[in-house]
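Have a look at protein_2.csv below; it lists CSV, C-alpha atoms (C1' of nucleotides).
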chain,number,residue,atom,x,y,z
A,51,MET,CA,-6.2,65.2,-108.9
A,52,ASN,CA,-5.2,66.2,-105.4
A,53,THR,CA,-1.6,65.2,-105.0
A,54,PRO,CA,-1.9,63.6,-101.5
A,55,ILE,CA,1.2,65.5,-100.4
A,56,ASP,CA,2.9,64.4,-97.2
A,57,THR,CA,0.1,63.5,-94.7
A,58,ARG,CA,2.3,64.3,-91.7
A,59,GLU,CA,3.1,67.8,-93.0
A,60,ASN,CA,-0.6,68.3,-93.9
A,61,LEU,CA,-1.6,67.3,-90.4
A,62,LEU,CA,0.9,69.7,-88.8
A,63,HIS,CA,-0.3,72.5,-91.0
A,64,LEU,CA,-3.9,72.0,-90.2
A,65,ALA,CA,-3.3,71.4,-86.5
A,66,THR,CA,-1.3,74.6,-86.3
A,67,GLU,CA,-4.1,76.6,-87.8
A,68,ILE,CA,-6.6,75.1,-85.3
A,69,VAL,CA,-4.4,75.7,-82.3
A,70,GLN,CA,-3.6,79.3,-83.4
A,71,LEU,CA,-7.4,79.9,-83.5
A,72,VAL,CA,-8.8,78.1,-80.5
A,73,GLY,CA,-5.8,77.0,-78.5
A,74,TYR,CA,-4.2,73.7,-77.7
A,75,ASN,CA,-6.8,72.5,-75.1
A,76,ALA,CA,-9.8,73.3,-77.2
A,77,PHE,CA,-8.3,71.4,-80.1
A,78,SER,CA,-9.0,67.7,-80.6
A,79,TYR,CA,-7.8,64.8,-82.7
A,80,ARG,CA,-11.4,64.5,-83.9
A,81,ASP,CA,-11.4,68.0,-85.3
A,82,LEU,CA,-8.0,67.6,-86.9
A,83,ALA,CA,-8.9,64.2,-88.4
A,84,GLY,CA,-12.1,65.5,-89.8
A,85,ARG,CA,-10.4,68.4,-91.6
A,86,ALA,CA,-7.7,66.1,-92.9
A,87,GLY,CA,-10.3,63.6,-94.1
A,88,ILE,CA,-8.9,60.7,-92.2
A,89,THR,CA,-9.7,59.0,-88.9
A,90,THR,CA,-8.3,59.8,-85.4
A,91,ALA,CA,-6.5,56.5,-85.4
A,92,SER,CA,-4.6,57.5,-88.4
A,93,VAL,CA,-3.6,60.8,-86.7
A,94,HIS,CA,-2.3,58.7,-83.8
A,95,TYR,CA,-0.2,56.7,-86.2
A,96,HIS,CA,1.7,59.9,-87.1
A,97,PHE,CA,1.6,61.5,-83.6
A,98,PRO,CA,1.1,58.9,-80.9
A,99,THR,CA,0.1,61.4,-78.3
A,100,LYS,CA,-1.2,65.0,-78.3
A,101,GLY,CA,2.0,66.1,-76.7
A,102,ASP,CA,4.0,64.6,-79.6
A,103,LEU,CA,1.9,66.6,-81.9
A,104,ALA,CA,2.4,69.8,-80.0
A,105,LEU,CA,6.1,69.3,-80.0
A,106,ALA,CA,6.2,68.6,-83.8
A,107,MET,CA,4.1,71.7,-84.5
A,108,VAL,CA,6.5,73.9,-82.7
A,109,GLU,CA,9.6,72.3,-84.3
A,110,ARG,CA,8.0,72.8,-87.7
A,111,GLN,CA,7.2,76.4,-86.9
A,112,ARG,CA,10.7,77.1,-85.9
A,113,VAL,CA,12.0,75.8,-89.2
A,114,LEU,CA,9.4,77.9,-91.1
A,115,ASP,CA,10.3,81.0,-89.2
A,116,ARG,CA,14.0,80.5,-89.7
A,117,ALA,CA,13.3,80.5,-93.4
A,118,VAL,CA,11.2,83.7,-93.0
A,119,PHE,CA,14.1,85.4,-91.2
A,120,SER,CA,16.6,84.4,-93.8
A,121,LYS,CA,14.3,85.7,-96.5
A,122,LEU,CA,13.9,89.0,-94.7
A,123,ASP,CA,17.6,89.3,-94.3
A,124,VAL,CA,18.0,89.1,-98.1
A,125,ASP,CA,14.9,90.9,-99.2
A,126,VAL,CA,14.9,93.8,-96.8
A,127,PRO,CA,18.3,95.4,-96.6
A,128,ASP,CA,17.4,98.3,-94.2
A,129,PRO,CA,17.3,96.9,-90.6
A,130,PHE,CA,14.6,99.2,-89.4
A,131,ARG,CA,12.4,98.2,-92.3
A,132,ARG,CA,13.3,94.6,-91.5
A,133,LEU,CA,11.7,95.1,-88.0
A,134,GLN,CA,8.7,96.5,-89.8
A,135,ALA,CA,8.6,93.5,-92.1
A,136,PHE,CA,8.7,91.2,-89.0
A,137,CYS,CA,5.6,92.9,-87.6
A,138,ALA,CA,3.9,92.7,-91.0
A,139,ALA,CA,4.6,88.9,-91.0
A,140,MET,CA,3.0,88.5,-87.6
A,141,ARG,CA,0.2,90.7,-88.7
A,142,ARG,CA,-0.5,88.3,-91.6
A,143,GLU,CA,-1.5,85.6,-89.2
A,144,LEU,CA,-4.1,88.0,-87.8
A,145,GLU,CA,-5.4,89.0,-91.2
A,146,ASN,CA,-5.5,85.4,-92.5
A,147,GLY,CA,-8.0,83.9,-90.1
A,148,ARG,CA,-7.5,85.9,-86.9
A,149,ARG,CA,-4.9,83.5,-85.7
A,150,MET,CA,-2.6,84.0,-82.7
A,151,CYS,CA,1.1,83.3,-83.0
A,152,LEU,CA,1.4,79.6,-82.4
A,153,CYS,CA,3.9,79.9,-79.7
A,154,GLY,CA,2.2,82.8,-78.1
A,155,MET,CA,-0.9,80.7,-77.8
A,156,LEU,CA,1.1,77.7,-76.4
A,157,ALA,CA,2.9,80.0,-74.0
A,158,ALA,CA,-0.4,80.9,-72.5
A,159,GLU,CA,-1.3,77.3,-72.1
A,160,HIS,CA,2.2,76.1,-71.3
A,161,GLU,CA,1.2,74.6,-67.9
A,162,THR,CA,-0.8,71.9,-69.8
A,163,LEU,CA,2.0,71.0,-72.3
A,164,PRO,CA,4.6,68.2,-71.9
A,165,PRO,CA,8.0,69.5,-70.9
A,166,ALA,CA,9.6,68.9,-74.3
A,167,ALA,CA,7.0,71.1,-76.0
A,168,VAL,CA,7.6,73.9,-73.4
A,169,GLU,CA,11.3,73.7,-74.2
A,170,ALA,CA,10.5,73.9,-77.9
A,171,VAL,CA,8.4,77.0,-77.2
A,172,HIS,CA,11.4,78.5,-75.3
A,173,ALA,CA,13.6,77.7,-78.3
A,174,PHE,CA,11.1,79.5,-80.6
A,175,PHE,CA,11.3,82.6,-78.5
A,176,THR,CA,15.0,82.4,-78.2
A,177,ASP,CA,15.4,82.0,-82.0
A,178,THR,CA,13.2,85.0,-82.7
A,179,GLU,CA,14.8,87.2,-80.1
A,180,GLY,CA,18.2,86.2,-81.4
A,181,TRP,CA,17.3,87.3,-84.9
A,182,LEU,CA,15.6,90.5,-83.7
A,183,GLY,CA,18.7,91.3,-81.5
A,184,ALA,CA,21.0,90.9,-84.5
A,185,VAL,CA,18.8,93.2,-86.6
A,186,LEU,CA,18.8,95.7,-83.8
A,187,LEU,CA,22.6,95.7,-83.6
A,188,VAL,CA,23.1,96.0,-87.3
A,189,GLY,CA,20.5,98.8,-87.3
A,190,ARG,CA,22.3,100.7,-84.6
A,191,GLN,CA,25.6,100.4,-86.4
A,192,ALA,CA,23.9,101.7,-89.6
A,193,GLY,CA,22.3,104.5,-87.6
A,194,VAL,CA,18.7,103.6,-88.5
A,195,VAL,CA,17.9,102.1,-85.1
A,196,ALA,CA,18.4,103.7,-81.7
A,197,PHE,CA,18.8,102.1,-78.3
A,198,THR,CA,21.4,102.0,-75.5
A,199,GLY,CA,23.0,98.9,-73.9
A,200,PRO,CA,22.8,95.3,-75.1
A,201,ALA,CA,20.4,94.3,-77.8
A,202,ALA,CA,19.0,91.2,-76.0
A,203,PRO,CA,16.7,92.9,-73.5
A,204,VAL,CA,15.4,95.2,-76.2
A,205,ALA,CA,14.7,92.2,-78.5
A,206,GLN,CA,12.8,90.5,-75.6
A,207,ALA,CA,10.8,93.6,-75.0
A,208,LEU,CA,10.0,94.0,-78.6
A,209,LEU,CA,8.9,90.4,-79.2
A,210,SER,CA,6.8,90.3,-76.1
A,211,ALA,CA,5.2,93.6,-77.1
A,212,VAL,CA,4.3,92.2,-80.5
A,213,GLU,CA,2.9,89.0,-78.9
A,214,GLY,CA,0.8,91.2,-76.6
A,215,ALA,CA,-0.4,93.3,-79.5
A,216,MET,CA,-1.5,90.2,-81.3
A,217,LEU,CA,-3.3,89.0,-78.2
A,218,THR,CA,-5.3,92.1,-77.6
A,219,ALA,CA,-5.9,93.0,-81.3
A,220,ARG,CA,-7.3,89.5,-81.8
A,221,ALA,CA,-9.6,89.7,-78.8
A,222,PHE,CA,-11.1,92.9,-80.3
A,223,GLY,CA,-11.0,91.6,-83.9
A,224,ASP,CA,-9.3,94.9,-84.6
A,225,LEU,CA,-6.2,94.9,-86.8
A,226,GLY,CA,-5.9,98.7,-86.1
A,227,ARG,CA,-5.0,97.9,-82.5
A,228,PHE,CA,-2.1,95.7,-83.7
A,229,ASP,CA,-1.0,98.4,-86.2
A,230,ALA,CA,-1.2,101.2,-83.6
A,231,ALA,CA,0.7,99.3,-80.9
A,232,THR,CA,3.5,98.0,-83.2
A,233,LYS,CA,3.9,101.4,-84.8
A,234,TRP,CA,4.3,103.0,-81.4
A,235,HIS,CA,6.9,100.4,-80.3
A,236,LEU,CA,8.9,100.7,-83.5
A,237,ALA,CA,8.8,104.5,-83.3
A,238,ARG,CA,10.6,104.2,-79.9
A,239,LEU,CA,13.5,102.6,-81.8
A,240,LYS,CA,13.9,105.4,-84.3
A,241,PRO,CA,17.0,107.5,-84.0
B,97,MET,CA,-14.8,76.9,-37.5
B,98,ASN,CA,-14.5,77.8,-41.1
B,99,THR,CA,-16.9,80.6,-41.7
B,100,PRO,CA,-18.4,79.3,-45.0
B,101,ILE,CA,-18.2,82.8,-46.5
B,102,ASP,CA,-20.1,83.3,-49.7
B,103,THR,CA,-19.9,80.1,-51.8
B,104,ARG,CA,-20.4,82.0,-55.0
B,105,GLU,CA,-17.6,84.4,-54.3
B,106,ASN,CA,-15.4,81.5,-53.2
B,107,LEU,CA,-16.1,79.6,-56.5
B,108,LEU,CA,-15.2,82.7,-58.5
B,109,HIS,CA,-12.0,83.2,-56.7
B,110,LEU,CA,-10.9,79.6,-57.1
B,111,ALA,CA,-12.1,79.4,-60.7
B,112,THR,CA,-10.1,82.5,-61.6
B,113,GLU,CA,-7.0,81.1,-60.1
B,114,ILE,CA,-7.3,77.9,-62.1
B,115,VAL,CA,-8.1,79.7,-65.4
B,116,GLN,CA,-5.1,82.0,-64.9
B,117,LEU,CA,-2.9,79.0,-64.5
B,118,VAL,CA,-4.1,76.5,-67.1
B,119,GLY,CA,-6.6,78.4,-69.2
B,120,TYR,CA,-10.3,78.3,-69.7
B,121,ASN,CA,-10.4,75.1,-71.8
B,122,ALA,CA,-8.2,73.1,-69.5
B,123,PHE,CA,-10.3,74.0,-66.5
B,124,SER,CA,-13.2,71.8,-65.5
B,125,TYR,CA,-16.2,71.9,-63.1
B,126,ARG,CA,-14.8,68.8,-61.5
B,127,ASP,CA,-11.5,70.5,-60.7
B,128,LEU,CA,-13.2,73.5,-59.3
B,129,ALA,CA,-15.8,71.6,-57.3
B,130,GLY,CA,-13.0,69.5,-55.8
B,131,ARG,CA,-11.1,72.5,-54.6
B,132,ALA,CA,-14.2,74.1,-53.2
B,133,GLY,CA,-15.2,70.9,-51.5
B,134,ILE,CA,-18.6,70.6,-53.1
B,135,THR,CA,-20.0,68.6,-56.1
B,136,THR,CA,-20.2,69.7,-59.7
B,137,ALA,CA,-24.0,69.8,-59.4
B,138,SER,CA,-23.6,72.5,-56.7
B,139,VAL,CA,-21.3,74.5,-58.9
B,140,HIS,CA,-24.0,74.3,-61.7
B,141,TYR,CA,-26.5,75.7,-59.2
B,142,HIS,CA,-24.4,78.9,-59.0
B,143,PHE,CA,-23.3,79.0,-62.6
B,144,PRO,CA,-25.6,77.0,-64.9
B,145,THR,CA,-23.1,76.9,-67.7
B,146,LYS,CA,-19.4,77.3,-68.1
B,147,GLY,CA,-20.0,80.4,-70.1
B,148,ASP,CA,-22.0,81.9,-67.2
B,149,LEU,CA,-19.0,81.2,-65.0
B,150,ALA,CA,-16.6,82.8,-67.4
B,151,LEU,CA,-18.7,85.9,-67.6
B,152,ALA,CA,-19.0,86.2,-63.9
B,153,MET,CA,-15.3,85.7,-63.4
B,154,VAL,CA,-14.5,88.6,-65.7
B,155,GLU,CA,-17.2,90.9,-64.2
B,156,ARG,CA,-15.7,90.2,-60.8
B,157,GLN,CA,-12.2,90.9,-62.0
B,158,ARG,CA,-13.3,94.2,-63.4
B,159,VAL,CA,-14.8,95.2,-60.0
B,160,LEU,CA,-11.6,94.2,-58.2
B,161,ASP,CA,-9.4,96.0,-60.7
B,162,ARG,CA,-11.4,99.2,-60.4
B,163,ALA,CA,-10.8,99.1,-56.7
B,164,VAL,CA,-7.0,98.6,-57.4
B,165,PHE,CA,-7.0,101.6,-59.7
B,166,SER,CA,-8.8,103.8,-57.1
B,167,LYS,CA,-6.4,102.7,-54.5
B,168,LEU,CA,-3.4,103.5,-56.7
B,169,ASP,CA,-4.8,106.9,-57.5
B,170,VAL,CA,-4.9,107.6,-53.8
B,171,ASP,CA,-1.7,105.9,-52.6
B,172,VAL,CA,0.7,106.8,-55.4
B,173,PRO,CA,0.5,110.5,-56.2
B,174,ASP,CA,3.2,110.6,-58.8
B,175,PRO,CA,1.7,109.4,-62.2
B,176,PHE,CA,4.9,107.8,-63.5
B,177,ARG,CA,5.2,105.8,-60.3
B,178,ARG,CA,1.6,104.9,-60.7
B,179,LEU,CA,2.4,103.3,-64.0
B,180,GLN,CA,5.2,101.4,-62.2
B,181,ALA,CA,2.8,100.4,-59.5
B,182,PHE,CA,0.4,99.1,-62.2
B,183,CYS,CA,3.2,96.9,-63.5
B,184,ALA,CA,4.0,95.7,-60.0
B,185,ALA,CA,0.4,94.7,-59.5
B,186,MET,CA,0.5,92.6,-62.7
B,187,ARG,CA,3.8,91.2,-61.6
B,188,ARG,CA,2.3,90.0,-58.3
B,189,GLU,CA,0.1,87.5,-60.3
B,190,LEU,CA,3.2,86.1,-61.8
B,191,GLU,CA,5.0,85.8,-58.4
B,192,ASN,CA,2.0,84.4,-56.6
B,193,GLY,CA,1.5,81.2,-58.6
B,194,ARG,CA,2.8,82.0,-62.1
B,195,ARG,CA,-0.6,83.1,-63.1
B,196,MET,CA,-1.4,85.0,-66.3
B,197,CYS,CA,-3.7,88.0,-66.3
B,198,LEU,CA,-7.2,86.5,-66.3
B,199,CYS,CA,-8.4,88.5,-69.3
B,200,GLY,CA,-5.1,88.0,-71.1
B,201,MET,CA,-5.7,84.3,-70.9
B,202,LEU,CA,-9.3,84.6,-71.9
B,203,ALA,CA,-8.3,86.9,-74.8
B,204,ALA,CA,-6.1,84.1,-76.1
B,205,GLU,CA,-9.0,81.6,-75.9
B,206,HIS,CA,-11.7,84.1,-76.9
B,207,GLU,CA,-12.8,82.1,-79.9
B,208,THR,CA,-14.2,79.4,-77.5
B,209,LEU,CA,-16.0,81.9,-75.2
B,210,PRO,CA,-19.7,82.9,-75.3
B,211,PRO,CA,-20.2,86.4,-76.8
B,212,ALA,CA,-21.1,87.9,-73.5
B,213,ALA,CA,-17.9,86.8,-72.0
B,214,VAL,CA,-15.9,88.2,-74.9
B,215,GLU,CA,-17.6,91.5,-74.5
B,216,ALA,CA,-16.7,91.5,-70.8
B,217,VAL,CA,-13.1,90.9,-71.7
B,218,HIS,CA,-13.3,93.9,-74.1
B,219,ALA,CA,-14.7,95.9,-71.2
B,220,PHE,CA,-11.8,94.9,-69.0
B,221,PHE,CA,-9.3,96.1,-71.5
B,222,THR,CA,-11.2,99.3,-72.1
B,223,ASP,CA,-11.4,100.0,-68.4
B,224,THR,CA,-7.7,99.4,-67.9
B,225,GLU,CA,-6.7,101.4,-71.0
B,226,GLY,CA,-9.0,104.2,-69.8
B,227,TRP,CA,-7.3,104.4,-66.5
B,228,LEU,CA,-3.8,104.1,-68.0
B,229,GLY,CA,-4.7,106.9,-70.4
B,230,ALA,CA,-5.8,109.1,-67.6
B,231,VAL,CA,-2.6,108.5,-65.7
B,232,LEU,CA,-0.6,109.2,-68.9
B,233,LEU,CA,-2.4,112.5,-69.4
B,234,VAL,CA,-2.0,113.7,-65.8
B,235,GLY,CA,1.7,112.6,-66.0
B,236,ARG,CA,2.3,114.6,-69.1
B,237,GLN,CA,0.7,117.7,-67.6
B,238,ALA,CA,2.9,117.1,-64.5
B,239,GLY,CA,6.0,116.7,-66.7
B,240,VAL,CA,6.8,113.2,-65.4
B,241,VAL,CA,5.6,111.3,-68.5
B,242,ALA,CA,6.4,112.1,-72.1
B,243,PHE,CA,4.6,111.2,-75.2
B,244,THR,CA,3.0,113.0,-78.2
B,245,GLY,CA,-0.5,113.0,-79.4
B,246,PRO,CA,-3.6,111.3,-77.8
B,247,ALA,CA,-3.1,109.1,-74.7
B,248,ALA,CA,-5.4,106.3,-75.9
B,249,PRO,CA,-3.1,104.6,-78.4
B,250,VAL,CA,-0.2,104.9,-75.9
B,251,ALA,CA,-2.3,103.3,-73.2
B,252,GLN,CA,-3.2,100.5,-75.6
B,253,ALA,CA,0.4,99.9,-76.6
B,254,LEU,CA,1.4,99.9,-72.9
B,255,LEU,CA,-1.3,97.5,-71.8
B,256,SER,CA,-0.7,95.1,-74.6
B,257,ALA,CA,3.1,95.2,-73.9
B,258,VAL,CA,2.5,94.3,-70.3
B,259,GLU,CA,0.2,91.4,-71.3
B,260,GLY,CA,2.9,90.2,-73.7
B,261,ALA,CA,5.5,90.5,-71.0
B,262,MET,CA,3.4,88.4,-68.7
B,263,LEU,CA,2.9,85.8,-71.5
B,264,THR,CA,6.5,85.3,-72.3
B,265,ALA,CA,7.9,85.7,-68.7
B,266,ARG,CA,5.4,83.0,-67.6
B,267,ALA,CA,6.4,80.6,-70.4
B,268,PHE,CA,10.1,80.9,-69.2
B,269,GLY,CA,9.2,80.9,-65.5
B,270,ASP,CA,11.4,84.0,-65.4
B,271,LEU,CA,10.3,87.1,-63.6
B,272,GLY,CA,13.4,88.9,-64.8
B,273,ARG,CA,11.9,88.8,-68.3
B,274,PHE,CA,8.8,90.7,-67.1
B,275,ASP,CA,10.9,93.2,-65.2
B,276,ALA,CA,13.2,93.9,-68.1
B,277,ALA,CA,10.4,94.3,-70.6
B,278,THR,CA,8.2,96.5,-68.4
B,279,LYS,CA,11.2,98.6,-67.3
B,280,TRP,CA,12.2,99.2,-71.0
B,281,HIS,CA,8.6,100.2,-72.0
B,282,LEU,CA,8.2,102.5,-69.0
B,283,ALA,CA,11.6,104.1,-69.7
B,284,ARG,CA,10.3,105.0,-73.2
B,285,LEU,CA,7.7,107.2,-71.4
B,286,LYS,CA,10.3,109.1,-69.3
B,287,PRO,CA,10.7,112.8,-70.2
C,8,DG,C1',-0.8,54.2,-93.7
C,9,DT,C1',-5.4,53.9,-93.1
C,10,DC,C1',-9.3,51.7,-91.5
C,11,DT,C1',-13.1,49.7,-87.9
C,12,DA,C1',-14.0,48.9,-83.5
C,13,DT,C1',-13.4,49.8,-79.0
C,14,DA,C1',-11.9,51.1,-74.6
C,15,DA,C1',-11.6,54.0,-70.2
C,16,DG,C1',-12.1,58.1,-68.5
C,17,DA,C1',-13.4,63.1,-68.5
C,18,DT,C1',-16.7,66.7,-69.7
C,19,DG,C1',-20.6,69.9,-69.2
C,20,DA,C1',-25.1,69.4,-67.8
C,21,DT,C1',-29.8,67.9,-65.6
C,22,DA,C1',-33.5,65.6,-62.5
C,23,DG,C1',-35.0,65.1,-58.2
C,24,DA,C1',-34.3,64.0,-53.1
C,25,DC,C1',-33.1,66.3,-48.8
D,15,DG,C1',-27.9,75.1,-51.4
D,16,DT,C1',-26.1,70.8,-51.6
D,17,DC,C1',-26.4,66.2,-52.5
D,18,DT,C1',-26.8,61.4,-55.4
D,19,DA,C1',-27.4,59.6,-59.5
D,20,DT,C1',-27.4,59.8,-64.2
D,21,DC,C1',-26.8,61.3,-69.0
D,22,DA,C1',-25.1,62.0,-73.7
D,23,DT,C1',-21.2,63.3,-75.6
D,24,DC,C1',-16.4,64.0,-76.3
D,25,DT,C1',-11.6,62.9,-75.2
D,26,DT,C1',-7.1,60.6,-75.9
D,27,DA,C1',-5.6,56.4,-77.0
D,28,DT,C1',-5.0,51.2,-78.5
D,29,DA,C1',-5.7,46.6,-81.0
D,30,DG,C1',-5.9,44.4,-85.0
D,31,DA,C1',-7.6,43.8,-89.9
D,32,DC,C1',-6.7,45.4,-94.6
Since I need it in another form, could you write the structure as structure tokens?
Amino acid sequence: MNTPIDTRENLLHLATEIVQLVGYNAFSYRDLAGRAGITTASVHYHFPTKGDLALAMVERQRVLDRAVFSKLDVDVPDPFRRLQAFCAAMRRELENGRRMCLCGMLAAEHETLPPAAVEAVHAFFTDTEGWLGAVLLVGRQAGVVAFTGPAAPVAQALLSAVEGAMLTARAFGDLGRFDAATKWHLARLKP
Amino acid sequence: MNTPIDTRENLLHLATEIVQLVGYNAFSYRDLAGRAGITTASVHYHFPTKGDLALAMVERQRVLDRAVFSKLDVDVPDPFRRLQAFCAAMRRELENGRRMCLCGMLAAEHETLPPAAVEAVHAFFTDTEGWLGAVLLVGRQAGVVAFTGPAAPVAQALLSAVEGAMLTARAFGDLGRFDAATKWHLARLKP
DNA sequence: GTCTATAAGATGATAGAC
DNA sequence: GTCTATCATCTTATAGAC
């Protein structure tokens, strides 16, 4: 028997996958409802408006990614390898269905999102940059990462570079592009 | 009197601006027709389908950008400064209406584009990477740009980084983010 | 929570007059 | 080339029964 799980969580999971693939504006309640096996009216019960759904998707992603960061902090002691593991995690989205980073996609379409969702996207980037910055600092102290000055701008440059690498690699359907770009950027951080 | 210029060119110009701002799927014939001061039926006369319009936009952008590259080759003799000038050109889209790179936007939404348009987007990236690669090579020979190995992967990494910098800077409405990221990436190419 | 039914409007697109 | 008129379809969203 299919344990019917939490419908809301299931909807968020499915919606996220669709948005990552085709974008927020090409995604419809109809499509989502169809995949979830319910009607659009039922989707509206959980998420009254499309903007509510967008916001909920980003909030959920933030929680998931915080868990990923915590796990990486534990599982990958070496800070430089943690940066590599971060890239590998992003790469997995590409591998598993040619999906863009959710917030990278929403960033492109941010002009069409409700303000609350845009703020949530900001928070996602800020979260990720904060974690990357911390890894960079620890890495520098440990002598396995090299850069000068504050970590924040480097973290911003690194995250945006990874987002851009996903964007272009996805357009070409070529994982090698992502690998080459991220490898190059990480190599610039080697002592 | 308004010289009515070429309607087709005018439509492509307006359509490009809209897509750069809100994306391909949030953009409609109605919106475009309204701005051009004609009806949607007239737009369909010039571009039978939305996919035809997408393809024409990208082809036009490629021509415009080739002209930009040629001008930079003439006006900016120093190869490193030419890379800076390239970033400045991309930055201008951000300044002038918070617009994403047309092909960066279409790359995000490529799953919803007709195959011919996707190929045109590929060609845009290949064009740009080719030019960047040539600048990188000349720069290395002149001793003003430093990198090891072939230029192509470096050009890919640089272009994707610039696209990512536009993506995130735009989401925050913060030009400083674009400046900081591109400055950092270009600094990695200094001898 | 999920359904049926429905609304009001937008969407890409076409036929045919001028 | 541009228009009016029209189309079928899709879109987000709501009301009310079960």
Interface rows for chain A against chain B: nearest pair, Å to one decimal, 7 Å, all atoms listed in the file, as a tab-separated table:
residue	atom	partner	partner_atom	distance
A:Leu71	CA	B:Glu207	CA	6.9
A:Val72	CA	B:Glu207	CA	5.7
A:Gly73	CA	B:Glu205	CA	6.2
A:Asn75	CA	B:Asn121	CA	5.5
A:Ala76	CA	B:Asn121	CA	5.7
A:Met155	CA	B:Ala204	CA	6.4
A:Ala157	CA	B:Ala267	CA	5.1
A:Ala158	CA	B:Leu263	CA	6.0
A:Glu159	CA	B:Val118	CA	5.8
A:His160	CA	B:Ala267	CA	6.2
A:Glu161	CA	B:Val118	CA	5.7
A:Thr162	CA	B:Val118	CA	6.3
A:His172	CA	B:Phe268	CA	6.7
A:Pro203	CA	B:Ala276	CA	6.5
A:Gln206	CA	B:Ala277	CA	6.7
A:Ala207	CA	B:Ala277	CA	4.5
A:Ser210	CA	B:Gly260	CA	4.6
A:Ala211	CA	B:Ala257	CA	4.1
A:Glu213	CA	B:Gly260	CA	5.3
A:Gly214	CA	B:Gly260	CA	3.7
A:Ala215	CA	B:Ser256	CA	5.2
A:Leu217	CA	B:Ala204	CA	6.0
A:Thr218	CA	B:Ser256	CA	6.3
A:Ala221	CA	B:Ala203	CA	5.1
A:Phe222	CA	B:His218	CA	6.7
A:Ala230	CA	B:Pro249	CA	6.5
A:Ala231	CA	B:Ala253	CA	4.4
A:Trp234	CA	B:Ala253	CA	6.9
A:Arg238	CA	B:Arg284	CA	6.8
Select all residues from chain C having any atom no more than 9 Å from an atom of chain B (counting all atoms listed in the file, ignoring ligands), output as a PDB file with C-alpha atoms (C1' of nucleotides), in the coordinates of the input.
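Final file, result36.pdb:
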ATOM      1  C1'  DT C  18     -16.700  66.700 -69.700  1.00  0.00           C
ATOM      2  C1'  DG C  19     -20.600  69.900 -69.200  1.00  0.00           C
ATOM      3  C1'  DA C  20     -25.100  69.400 -67.800  1.00  0.00           C
ATOM      4  C1'  DT C  21     -29.800  67.900 -65.600  1.00  0.00           C
TER       5       DT C  21
END
Inset, instruction - Provide the atom CA of B:Lys286 to atom CA of B:Thr222 distance in Å, to one decimal place. - result: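 Separating atom CA of B:Lys286 from atom CA of B:Thr222 is a distance of 23.8 Å.
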Up to 12 Å from (5.4, 113.5, -66.8) in the file's coordinates: name the residues, counting only C-alpha atoms (C1' of nucleotides), as a CSV table (one decimal) with C-alpha atoms, in the coordinates of the input.
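Output file result_1.csv is given in full below:
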chain,number,residue,atom,x,y,z
B,174,ASP,CA,3.2,110.6,-58.8
B,175,PRO,CA,1.7,109.4,-62.2
B,176,PHE,CA,4.9,107.8,-63.5
B,177,ARG,CA,5.2,105.8,-60.3
B,178,ARG,CA,1.6,104.9,-60.7
B,179,LEU,CA,2.4,103.3,-64.0
B,231,VAL,CA,-2.6,108.5,-65.7
B,232,LEU,CA,-0.6,109.2,-68.9
B,233,LEU,CA,-2.4,112.5,-69.4
B,234,VAL,CA,-2.0,113.7,-65.8
B,235,GLY,CA,1.7,112.6,-66.0
B,236,ARG,CA,2.3,114.6,-69.1
B,237,GLN,CA,0.7,117.7,-67.6
B,238,ALA,CA,2.9,117.1,-64.5
B,239,GLY,CA,6.0,116.7,-66.7
B,240,VAL,CA,6.8,113.2,-65.4
B,241,VAL,CA,5.6,111.3,-68.5
B,242,ALA,CA,6.4,112.1,-72.1
B,243,PHE,CA,4.6,111.2,-75.2
B,244,THR,CA,3.0,113.0,-78.2
B,282,LEU,CA,8.2,102.5,-69.0
B,283,ALA,CA,11.6,104.1,-69.7
B,284,ARG,CA,10.3,105.0,-73.2
B,285,LEU,CA,7.7,107.2,-71.4
B,286,LYS,CA,10.3,109.1,-69.3
B,287,PRO,CA,10.7,112.8,-70.2
Legend entry - Point-to-point distance from atom CA of A:Arg110 to atom CA of A:Ile68, Å rounded to tenths: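 Taking atom CA of A:Arg110 as the start and atom CA of A:Ile68 as the end point, the length is 15.0 Å.
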Inset, instruction - Identify which of the residues B:Glu225, B:Glu113, B:Asp102, B:Asp171 lies closest to chain D, counting only C-alpha atoms (C1' of nucleotides) when measuring atom-to-atom distances. - result: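 The closest residue to chain D is B:Asp102.
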Inset, instruction - Within 9 Å of chain D, which residues of chain B are there when counting only C-alpha atoms (C1' of nucleotides)? Please give them as number ranges by chain. - result: B: 134-135, 137-138, 141
Legend entry - Interatomic distance, atom CA of B:Ile101 to atom CA of B:Val139 (Å, one decimal): 15.2 Å
Stretch 210-221 of chain B, all listed atoms, 6 Å padding on each side: what axis-aligned box centre and edge lengths in Å to one decimal come out, as lines of an AutoDock Vina configuration file?
center_x = -15.2
center_y = 89.5
center_z = -72.9
size_x = 23.8
size_y = 25.2
size_z = 19.8
